[in-house]
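Shown here: input-v9.txt, compact mmCIF, C-alpha atoms.
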```txt
# COMPACT_ATOMS: atom_id res chain seq x y z
CA ALA A 1 -80.36 -163.69 -190.90
CA GLN A 2 -82.21 -166.90 -190.25
CA SER A 3 -85.02 -166.74 -187.73
CA VAL A 4 -88.08 -168.58 -186.57
CA THR A 5 -91.15 -166.84 -185.19
CA GLN A 6 -93.89 -168.48 -183.19
CA PRO A 7 -96.38 -165.62 -182.78
CA ASP A 8 -98.42 -167.25 -180.04
CA ILE A 9 -96.67 -167.52 -176.70
CA HIS A 10 -99.56 -169.26 -175.01
CA ILE A 11 -102.71 -170.96 -176.34
CA THR A 12 -105.58 -172.54 -174.44
CA VAL A 13 -108.02 -174.89 -176.14
CA SER A 14 -110.75 -177.19 -174.95
CA GLU A 15 -110.30 -180.91 -175.13
CA GLY A 16 -111.67 -182.18 -178.43
CA ALA A 17 -111.23 -178.85 -180.18
CA SER A 18 -108.99 -178.40 -183.20
CA LEU A 19 -105.57 -176.83 -182.87
CA GLU A 20 -103.28 -174.80 -185.07
CA LEU A 21 -99.91 -173.54 -183.89
CA ARG A 22 -98.22 -171.01 -186.12
CA CYS A 23 -94.63 -170.94 -187.22
CA ASN A 24 -92.99 -168.54 -189.64
CA TYR A 25 -89.38 -168.72 -190.72
CA SER A 26 -86.85 -166.56 -192.47
CA TYR A 27 -84.26 -168.48 -194.42
CA GLY A 28 -82.79 -167.86 -197.84
CA ALA A 29 -82.43 -171.42 -199.06
CA THR A 30 -84.69 -174.45 -198.93
CA PRO A 31 -85.43 -174.93 -195.25
CA TYR A 32 -85.44 -178.09 -193.24
CA LEU A 33 -88.32 -177.64 -190.81
CA PHE A 34 -89.14 -179.38 -187.56
CA TRP A 35 -91.73 -179.38 -184.83
CA TYR A 36 -90.75 -180.65 -181.40
CA VAL A 37 -92.84 -181.11 -178.27
CA GLN A 38 -91.63 -180.77 -174.71
CA SER A 39 -93.82 -182.22 -171.99
CA PRO A 40 -93.30 -180.85 -168.47
CA GLY A 41 -89.98 -181.95 -167.03
CA GLN A 42 -89.06 -183.82 -170.19
CA GLY A 43 -86.72 -183.46 -173.10
CA LEU A 44 -87.76 -182.51 -176.61
CA GLN A 45 -89.40 -185.09 -178.81
CA LEU A 46 -89.69 -184.79 -182.57
CA LEU A 47 -93.29 -184.55 -183.78
CA LEU A 48 -92.61 -184.23 -187.49
CA LYS A 49 -90.21 -182.84 -190.04
CA TYR A 50 -90.19 -181.47 -193.57
CA PHE A 51 -87.25 -181.77 -195.92
CA SER A 52 -88.78 -181.99 -199.38
CA GLY A 53 -91.65 -183.49 -201.33
CA ASP A 54 -95.23 -183.45 -200.15
CA THR A 55 -95.84 -180.20 -198.32
CA LEU A 56 -98.32 -181.80 -195.91
CA VAL A 57 -96.44 -183.99 -193.48
CA GLN A 58 -97.85 -186.36 -190.93
CA GLY A 59 -96.29 -186.82 -187.55
CA ILE A 60 -96.75 -188.73 -184.35
CA LYS A 61 -99.66 -188.34 -181.93
CA GLY A 62 -102.05 -187.31 -184.71
CA PHE A 63 -100.23 -184.09 -185.61
CA GLU A 64 -99.66 -182.77 -189.10
CA ALA A 65 -98.01 -179.68 -190.53
CA GLU A 66 -98.13 -177.91 -193.85
CA PHE A 67 -95.19 -176.20 -195.48
CA LYS A 68 -96.19 -173.10 -197.42
CA ARG A 69 -93.22 -171.57 -199.17
CA SER A 70 -95.15 -168.50 -200.34
CA GLN A 71 -96.02 -167.66 -196.74
CA SER A 72 -92.77 -168.91 -195.20
CA SER A 73 -94.89 -170.89 -192.80
CA PHE A 74 -94.94 -174.36 -191.29
CA ASN A 75 -98.04 -174.47 -189.10
CA LEU A 76 -98.79 -177.42 -186.88
CA ARG A 77 -102.33 -178.80 -186.70
CA LYS A 78 -104.32 -181.42 -184.87
CA PRO A 79 -108.03 -182.02 -185.51
CA SER A 80 -108.95 -183.00 -181.95
CA VAL A 81 -106.78 -182.14 -178.96
CA HIS A 82 -106.37 -184.47 -176.00
CA TRP A 83 -105.55 -183.37 -172.46
CA SER A 84 -102.19 -185.12 -172.78
CA ASP A 85 -101.22 -182.70 -175.57
CA ALA A 86 -100.67 -179.94 -173.02
CA ALA A 87 -96.98 -179.10 -173.47
CA GLU A 88 -94.53 -176.66 -174.96
CA TYR A 89 -94.22 -176.79 -178.75
CA PHE A 90 -91.13 -175.64 -180.62
CA CYS A 91 -90.67 -174.95 -184.29
CA ALA A 92 -87.14 -175.07 -185.69
CA VAL A 93 -85.38 -174.63 -189.02
CA GLY A 94 -82.15 -176.39 -189.95
CA ALA A 95 -79.71 -173.89 -191.37
CA GLY A 96 -76.38 -174.04 -193.09
CA ASN A 97 -73.89 -176.78 -193.73
CA ASN A 98 -73.40 -177.35 -190.02
CA ARG A 99 -77.14 -178.10 -189.70
CA LYS A 100 -77.48 -175.77 -186.77
CA LEU A 101 -81.09 -175.58 -185.63
CA ILE A 102 -82.65 -172.15 -185.31
CA TRP A 103 -85.42 -172.30 -182.72
CA GLY A 104 -88.61 -170.41 -182.16
CA LEU A 105 -89.43 -169.26 -178.65
CA GLY A 106 -92.07 -171.92 -178.24
CA THR A 107 -95.84 -171.97 -177.76
CA SER A 108 -97.22 -173.21 -174.49
CA LEU A 109 -100.42 -175.20 -174.98
CA ALA A 110 -102.95 -175.62 -172.20
CA VAL A 111 -105.94 -177.94 -172.63
CA ASN A 112 -109.17 -177.38 -170.71
CA PRO A 113 -111.22 -180.43 -169.80
CA ASP B 1 -82.73 -198.46 -173.81
CA THR B 2 -82.29 -194.67 -173.66
CA ALA B 3 -80.93 -193.19 -176.87
CA VAL B 4 -79.46 -190.00 -175.40
CA SER B 5 -78.83 -190.07 -171.68
CA GLN B 6 -77.60 -187.32 -169.42
CA THR B 7 -76.41 -187.43 -165.86
CA PRO B 8 -77.27 -186.11 -163.42
CA LYS B 9 -80.91 -185.19 -163.96
CA TYR B 10 -80.82 -182.65 -161.15
CA LEU B 11 -77.86 -180.72 -159.83
CA VAL B 12 -77.96 -178.21 -156.99
CA THR B 13 -74.70 -176.50 -156.14
CA GLN B 14 -73.28 -173.37 -154.61
CA MET B 15 -71.87 -170.40 -156.44
CA GLY B 16 -68.21 -170.73 -157.25
CA ASN B 17 -68.23 -174.51 -157.49
CA ASP B 18 -67.13 -176.51 -160.51
CA LYS B 19 -69.46 -179.16 -161.89
CA SER B 20 -69.76 -181.52 -164.84
CA ILE B 21 -72.69 -182.92 -166.76
CA LYS B 22 -72.25 -186.07 -168.79
CA CYS B 23 -73.97 -187.14 -171.98
CA GLU B 24 -73.89 -190.39 -173.88
CA GLN B 25 -75.70 -191.47 -177.03
CA ASN B 26 -76.06 -195.01 -178.33
CA LEU B 27 -77.46 -194.06 -181.73
CA GLY B 28 -74.15 -194.08 -183.57
CA HIS B 29 -74.56 -190.41 -184.43
CA ASP B 30 -71.65 -188.26 -185.52
CA THR B 31 -72.80 -184.96 -184.07
CA MET B 32 -73.62 -183.99 -180.52
CA TYR B 33 -74.83 -180.72 -179.01
CA TRP B 34 -75.26 -178.89 -175.76
CA TYR B 35 -78.22 -176.56 -175.39
CA LYS B 36 -79.21 -174.26 -172.56
CA GLN B 37 -82.90 -173.67 -171.82
CA ASP B 38 -83.63 -170.72 -169.59
CA SER B 39 -86.61 -170.15 -167.32
CA LYS B 40 -88.60 -168.73 -170.25
CA LYS B 41 -88.06 -171.96 -172.18
CA PHE B 42 -85.77 -170.26 -174.71
CA LEU B 43 -83.42 -172.80 -176.29
CA LYS B 44 -79.91 -171.62 -177.00
CA ILE B 45 -77.28 -173.75 -178.66
CA MET B 46 -73.97 -173.70 -176.83
CA PHE B 47 -71.69 -176.19 -178.55
CA SER B 48 -71.67 -178.76 -181.29
CA TYR B 49 -69.17 -181.54 -181.86
CA ASN B 50 -68.80 -183.68 -184.96
CA ASN B 51 -66.69 -186.81 -184.56
CA LYS B 52 -65.03 -185.32 -181.47
CA GLU B 53 -64.24 -182.06 -183.26
CA LEU B 54 -65.76 -178.78 -182.12
CA ILE B 55 -67.78 -177.24 -184.97
CA ILE B 56 -70.09 -174.78 -183.25
CA ASN B 57 -69.05 -172.63 -180.34
CA GLU B 58 -71.62 -169.96 -179.66
CA THR B 59 -70.97 -166.97 -177.47
CA VAL B 60 -70.62 -168.80 -174.22
CA PRO B 61 -68.45 -167.79 -171.24
CA ASN B 62 -65.17 -169.67 -171.24
CA ARG B 63 -66.14 -171.07 -167.84
CA PHE B 64 -68.04 -173.61 -169.94
CA SER B 65 -65.82 -176.23 -171.52
CA PRO B 66 -67.13 -179.17 -173.52
CA LYS B 67 -65.14 -182.36 -173.87
CA SER B 68 -65.78 -185.20 -176.27
CA PRO B 69 -63.66 -188.25 -175.44
CA ASP B 70 -65.28 -190.18 -178.30
CA LYS B 71 -68.16 -189.56 -180.65
CA ALA B 72 -70.65 -191.23 -178.31
CA HIS B 73 -69.89 -188.91 -175.40
CA LEU B 74 -70.03 -185.17 -174.90
CA ASN B 75 -69.49 -183.79 -171.44
CA LEU B 76 -69.90 -180.25 -170.21
CA HIS B 77 -67.72 -178.85 -167.47
CA ILE B 78 -68.61 -175.58 -165.83
CA ASN B 79 -66.14 -173.65 -163.68
CA SER B 80 -66.93 -171.03 -161.07
CA LEU B 81 -70.67 -171.45 -161.27
CA GLU B 82 -72.81 -168.31 -161.15
CA LEU B 83 -76.46 -167.77 -160.30
CA GLY B 84 -77.19 -167.02 -163.96
CA ASP B 85 -76.03 -170.48 -164.94
CA SER B 86 -79.19 -171.92 -163.41
CA ALA B 87 -81.08 -173.49 -166.29
CA VAL B 88 -81.91 -176.80 -167.89
CA TYR B 89 -79.09 -178.13 -170.05
CA PHE B 90 -79.95 -180.49 -172.87
CA CYS B 91 -77.69 -182.78 -174.76
CA ALA B 92 -78.68 -183.83 -178.26
CA SER B 93 -77.27 -185.96 -181.04
CA GLN B 94 -77.79 -186.03 -184.78
CA ALA B 95 -76.85 -188.39 -187.57
CA GLY B 96 -74.76 -187.32 -190.54
CA GLY B 97 -76.38 -185.70 -193.55
CA THR B 98 -78.46 -182.58 -193.82
CA ASN B 99 -81.91 -184.15 -193.63
CA THR B 100 -81.72 -185.57 -190.15
CA GLU B 101 -83.28 -184.53 -186.90
CA ALA B 102 -81.76 -184.08 -183.47
CA PHE B 103 -82.52 -186.46 -180.62
CA PHE B 104 -82.59 -184.95 -177.15
CA GLY B 105 -81.73 -186.18 -173.70
CA GLN B 106 -84.04 -185.63 -170.75
CA GLY B 107 -82.15 -182.58 -169.58
CA THR B 108 -80.16 -181.66 -166.49
CA ARG B 109 -81.75 -179.07 -164.25
CA LEU B 110 -78.92 -177.06 -162.74
CA THR B 111 -79.70 -174.82 -159.79
CA VAL B 112 -76.97 -172.56 -158.46
CA VAL B 113 -77.60 -171.19 -154.97
```

Can I see the file as structure tokens?
Amino acid sequence: AQSVTQPDIHITVSEGASLELRCNYSYGATPYLFWYVQSPGQGLQLLLKYFSGDTLVQGIKGFEAEFKRSQSSFNLRKPSVHWSDAAEYFCAVGAGNNRKLIWGLGTSLAVNP
Amino acid sequence: DTAVSQTPKYLVTQMGNDKSIKCEQNLGHDTMYWYKQDSKKFLKIMFSYNNKELIINETVPNRFSPKSPDKAHLNLHINSLELGDSAVYFCASQAGGTNTEAFFGQGTRLTVV
């Protein structure tokens, strides 16, 4: 069965520090992978996506993610975190012909000044 | 100009009432979704419509009934509201094709008292 695992429920980093949020997926075919961000009281906004090609994808707000098929991972990174990055981050995989998104449980990011 | 808009943003109602949430997208997308996000931020897909036709209907109580009058609109009607229905409900839309992402509305926070 398809699944997405975000091992870290909550992460706290200092402003200016680097960030890596982990995402592992289980899916038999080539996955379509997404990272979304949800700021408090807001809807979900797409940060970046991977469908094919270059396994390192660049997104908005200075985020990037790397698809590693051998590790079934799609980790999100940012070299220097800003206080405004504090939010909930969701990894998702697009599955099947109906393109249903399978979601991870999210990682809550807190940023210390 | 909001791409996916939901109304109302907040909804407080008593148990047993019937309420509706409306969603409209101006992106020309073929597919629309309803998601439920619980207090732990878990995202659960409820329904998906493609060109007004229901294509995903997850295990949701039949008190929830989606209606799509045209492909730009997907409304959610809930009968006999229960305390457990309290959540944030998100509408989303997606273009045709497998390599497309979903665009989300701002959410409707439903509180049943």

Could you list, as a PDB file with C-alpha atoms, in the coordinates of the input, every residue of chain B that has an atom within 6 Å of an atom of chain A, counting only C-alpha atoms?
```pdb
ATOM      1  CA  PHE B  42     -85.770-170.260-174.710  1.00  0.00           C
ATOM      2  CA  PHE B 104     -82.590-184.950-177.150  1.00  0.00           C
ATOM      3  CA  GLY B 105     -81.730-186.180-173.700  1.00  0.00           C
ATOM      4  CA  GLN B 106     -84.040-185.630-170.750  1.00  0.00           C
ATOM      5  CA  GLY B 107     -82.150-182.580-169.580  1.00  0.00           C
TER       6      GLY B 107
END
```

* Asked: Residues at most 7 Å from region 77-79 of chain A, counting all atoms listed in the file, excluding those fewer than 2 positions away in the same chain, as an MDAnalysis selection string?
  -> chainID A and resid 17:21 62:65 75 81

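Among B:Leu81, B:Cys91, B:Met32, B:Met46, the residue with the shortest atom-to-atom distance to Leu11 (chain B), counting all atoms listed in the file, is B:Leu81.
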
* Asked: Distance CA of Glu82 (chain B)-CA of Ile9 (chain A), one decimal place?
  ->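 It comes out at 28.5 Å.
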
* Considering all atoms listed in the file, return as a ChimeraX atom specification whatever protein or nucleic-acid residues lie within 8 Å of Phe64 (chain B), sequence-local ones (same chain, fewer than 2 positions apart) excluded. => /B:60-62,66,76-79

* To do: Measuring atom to atom with all atoms listed in the file, identify which of A:Ala29, A:Leu47, A:Lys61, A:Pro40 is nearest to Cys91 (chain A).
  =>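 The closest residue to Cys91 (chain A) is A:Leu47.
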
* Asked: Can you list, as a ChimeraX atom specification, every protein, DNA or RNA residue that comes within 12 Å of Glu53 (chain B) when you count only C-alpha atoms, leaving out same-chain residues fewer than 2 positions away?
  -> /B:30-33,47-51,55-57,66-71,73-74

* Asked: For Thr30 (chain A), which of A:Leu56, A:Val13, A:Leu76, A:Val93 is the closest residue, counting all atoms listed in the file?
  ->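 Distance minimum relative to Thr30 (chain A) lands on A:Val93.
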
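The closest residue to Gly84 (chain B), picked from B:Thr111, B:Thr100, B:Thr59, B:Gln6 and counting only C-alpha atoms, is B:Thr111.
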
* Compare A:Val37, A:Ser80, A:Thr55, A:Val4 by their minimum atom-to-atom distance to Phe67 (chain A), counting only C-alpha atoms, and give me the closest one. => A:Thr55

* Could you list as a list in words every residue that has an atom within 7 Å of (-107.9, -184.3, -173.9), using the file's coordinates and counting all atoms listed in the file? ->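 Residues satisfying the cut-off, written out: Glu15, Gly16, Val81, His82, Trp83, Ser84, Val111 and Pro113 of chain A.
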
* B:Ser93, B:Asn99, B:Gln25, B:Thr108: which is nearest Thr7 (chain B), counting only C-alpha atoms? -> B:Thr108

* Please provide as an MDAnalysis selection string all residues within 10 Å of Ser72 (chain A), with the sequence filter that same-chain residues fewer than 6 positions apart are discarded (counting only C-alpha atoms). => chainID A and resid 4 23:27 31
